[in-house]
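> Provided herewith is a single structure, encoded as structure tokens, for subsequent inquiry.
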Amino acid sequence: MQAKIILFILFSSLCVLNAIAQDANNNLMLYEGNRQYKLKNYEEAQKYYQKAIDAGSSDQKTHFNLADTYYQQGKYKEAATKFEELVNTAETKKEKASAYHNLGNSWLKQKEYQKSVDAYKNALKNNPADDDTRYNLAYAQKKENDDALRS
């Protein structure tokens with residue numbers, strides 16, 4: 001009986017240590033991704049954020065940072081896809097507004113004006129006080145109108 005208890009304690013301890021090591025590894029990858037991002041090494045930052053996600057990180061900030069690296073590299077389709085995922089997984093209105101705002105930026109860069117307008121409107125529904133989003137919405141609406149006039 002005592003041997004079973006000792007084995008259970010050892011097994012439980014190994015599981016806890018493994019979880020701690022995995023969290024430390026994810027934090028290290030996130031830290032290095034953030035460091036590379038600050039240095040404007042967006043491709044390197046992308047690799048570290050992706051490694052953290054592949055290792056099981058479900059942290060919203062890690063996913064957001066990955067999407068932002070796509071955007072900074074001019075990979076607007078990939079950024080839009082990732083920001084759309086973030087819209088669906090956001091837990092707070094602030095997170096949702098931020099994801100919608102950046103989704104709007106990604107669509108705007110692709111000259112998808114109606115999609116960007118819709119994204120900015122959704123961002124404002126979640127954060128009506130965001131003046132940057134309000135400005136971007138007006139800009140996207142103007143671009144959409146200009147584009148319609150050229151057609």
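Lettering and numbering for the structure tokens are positional, with chains as A, B, ... in the shown order, residues counted from 1 in each chain, and ligands counted from 1 in the shown order.
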Pick out the residues sitting within 7 Å of Tyr71 (chain A), and hand them over as JSON, numbers by chain; count only C-alpha atoms, and ignore anything fewer than 5 positions along from it in its own chain.

{"A": [76, 79, 106]}

> Quick one: residues within 9 Å of Ala140 (chain A), only C-alpha atoms, excluding same-chain residues fewer than 5 positions away - as a list in words?

Gly104, Leu108, Lys111, Tyr113, Gln114, Ser116, Val117, Tyr120, Tyr135 and Asn145 of chain A

> Store the residues picked out above in a file with all heavy atoms, as an mmCIF file, in the first residue's frame.


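Writing the result to out22.cif gives the following:
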data_model
loop_
_atom_site.group_PDB
_atom_site.id
_atom_site.type_symbol
_atom_site.label_atom_id
_atom_site.label_comp_id
_atom_site.auth_asym_id
_atom_site.auth_seq_id
_atom_site.Cartn_x
_atom_site.Cartn_y
_atom_site.Cartn_z
ATOM 1 N N GLY A 104 -9.719 45.107 -39.449
ATOM 2 C CA GLY A 104 -10.041 46.188 -40.370
ATOM 3 C C GLY A 104 -8.798 46.723 -41.063
ATOM 4 O O GLY A 104 -8.803 46.977 -42.275
ATOM 5 N N LEU A 108 -8.070 46.672 -45.004
ATOM 6 C CA LEU A 108 -7.787 47.949 -45.653
ATOM 7 C C LEU A 108 -6.532 47.846 -46.519
ATOM 8 O O LEU A 108 -6.509 48.330 -47.658
ATOM 9 C CB LEU A 108 -7.623 49.045 -44.599
ATOM 10 C CG LEU A 108 -7.564 50.479 -45.086
ATOM 11 C CD1 LEU A 108 -8.857 50.873 -45.803
ATOM 12 C CD2 LEU A 108 -7.311 51.411 -43.912
ATOM 13 N N LYS A 111 -7.169 46.435 -49.765
ATOM 14 C CA LYS A 111 -8.152 47.214 -50.517
ATOM 15 C C LYS A 111 -9.527 46.550 -50.535
ATOM 16 O O LYS A 111 -10.301 46.696 -51.466
ATOM 17 C CB LYS A 111 -7.653 47.504 -51.935
ATOM 18 C CG LYS A 111 -6.382 48.324 -51.921
ATOM 19 C CD LYS A 111 -5.900 48.667 -53.293
ATOM 20 C CE LYS A 111 -4.612 49.483 -53.155
ATOM 21 N NZ LYS A 111 -4.024 49.842 -54.405
ATOM 22 N N TYR A 113 -12.348 47.284 -48.967
ATOM 23 C CA TYR A 113 -12.874 48.397 -48.192
ATOM 24 C C TYR A 113 -14.150 48.060 -47.432
ATOM 25 O O TYR A 113 -14.304 48.458 -46.278
ATOM 26 C CB TYR A 113 -13.068 49.623 -49.090
ATOM 27 C CG TYR A 113 -11.779 50.052 -49.741
ATOM 28 C CD1 TYR A 113 -11.666 50.137 -51.129
ATOM 29 C CD2 TYR A 113 -10.662 50.350 -48.970
ATOM 30 C CE1 TYR A 113 -10.470 50.523 -51.721
ATOM 31 C CE2 TYR A 113 -9.460 50.722 -49.557
ATOM 32 C CZ TYR A 113 -9.370 50.808 -50.927
ATOM 33 O OH TYR A 113 -8.190 51.180 -51.507
ATOM 34 N N GLN A 114 -15.079 47.336 -48.053
ATOM 35 C CA GLN A 114 -16.322 47.004 -47.354
ATOM 36 C C GLN A 114 -16.039 46.119 -46.141
ATOM 37 O O GLN A 114 -16.613 46.321 -45.067
ATOM 38 C CB GLN A 114 -17.323 46.324 -48.288
ATOM 39 C CG GLN A 114 -18.661 46.022 -47.622
ATOM 40 C CD GLN A 114 -19.330 47.263 -47.045
ATOM 41 O OE1 GLN A 114 -19.552 48.242 -47.742
ATOM 42 N NE2 GLN A 114 -19.647 47.244 -45.751
ATOM 43 N N SER A 116 -13.274 46.052 -44.446
ATOM 44 C CA SER A 116 -12.617 46.860 -43.414
ATOM 45 C C SER A 116 -13.641 47.745 -42.702
ATOM 46 O O SER A 116 -13.594 47.881 -41.473
ATOM 47 C CB SER A 116 -11.467 47.685 -43.995
ATOM 48 O OG SER A 116 -11.921 48.676 -44.872
ATOM 49 N N VAL A 117 -14.579 48.314 -43.448
ATOM 50 C CA VAL A 117 -15.639 49.125 -42.837
ATOM 51 C C VAL A 117 -16.422 48.290 -41.829
ATOM 52 O O VAL A 117 -16.673 48.722 -40.697
ATOM 53 C CB VAL A 117 -16.569 49.721 -43.922
ATOM 54 C CG1 VAL A 117 -17.864 50.256 -43.323
ATOM 55 C CG2 VAL A 117 -15.844 50.814 -44.706
ATOM 56 N N TYR A 120 -14.301 47.668 -38.687
ATOM 57 C CA TYR A 120 -14.209 48.864 -37.834
ATOM 58 C C TYR A 120 -15.522 49.126 -37.101
ATOM 59 O O TYR A 120 -15.523 49.510 -35.924
ATOM 60 C CB TYR A 120 -13.800 50.093 -38.636
ATOM 61 C CG TYR A 120 -12.389 50.032 -39.178
ATOM 62 C CD1 TYR A 120 -12.128 50.394 -40.493
ATOM 63 C CD2 TYR A 120 -11.319 49.635 -38.387
ATOM 64 C CE1 TYR A 120 -10.836 50.351 -41.002
ATOM 65 C CE2 TYR A 120 -10.026 49.588 -38.889
ATOM 66 C CZ TYR A 120 -9.786 49.949 -40.195
ATOM 67 O OH TYR A 120 -8.508 49.923 -40.693
ATOM 68 N N TYR A 135 -11.534 57.056 -36.731
ATOM 69 C CA TYR A 135 -10.778 57.675 -37.822
ATOM 70 C C TYR A 135 -10.584 56.676 -38.967
ATOM 71 O O TYR A 135 -10.797 57.004 -40.139
ATOM 72 C CB TYR A 135 -9.412 58.177 -37.318
ATOM 73 C CG TYR A 135 -8.546 58.702 -38.424
ATOM 74 C CD1 TYR A 135 -8.668 60.017 -38.859
ATOM 75 C CD2 TYR A 135 -7.614 57.873 -39.057
ATOM 76 C CE1 TYR A 135 -7.884 60.505 -39.895
ATOM 77 C CE2 TYR A 135 -6.834 58.347 -40.098
ATOM 78 C CZ TYR A 135 -6.963 59.659 -40.512
ATOM 79 O OH TYR A 135 -6.194 60.133 -41.545
ATOM 80 N N ASN A 145 -15.907 54.815 -51.094
ATOM 81 C CA ASN A 145 -16.653 55.745 -51.972
ATOM 82 C C ASN A 145 -15.823 56.146 -53.191
ATOM 83 O O ASN A 145 -16.342 56.194 -54.298
ATOM 84 C CB ASN A 145 -17.096 56.987 -51.192
ATOM 85 C CG ASN A 145 -18.201 56.669 -50.198
ATOM 86 O OD1 ASN A 145 -18.924 55.683 -50.359
ATOM 87 N ND2 ASN A 145 -18.311 57.484 -49.177
#

> For a quick check of understanding, using only C-alpha atoms, which of A:Asp54, A:Tyr48, A:Thr92, A:Ala99 has the smallest distance to Ala67 (chain A)?

A:Ala99
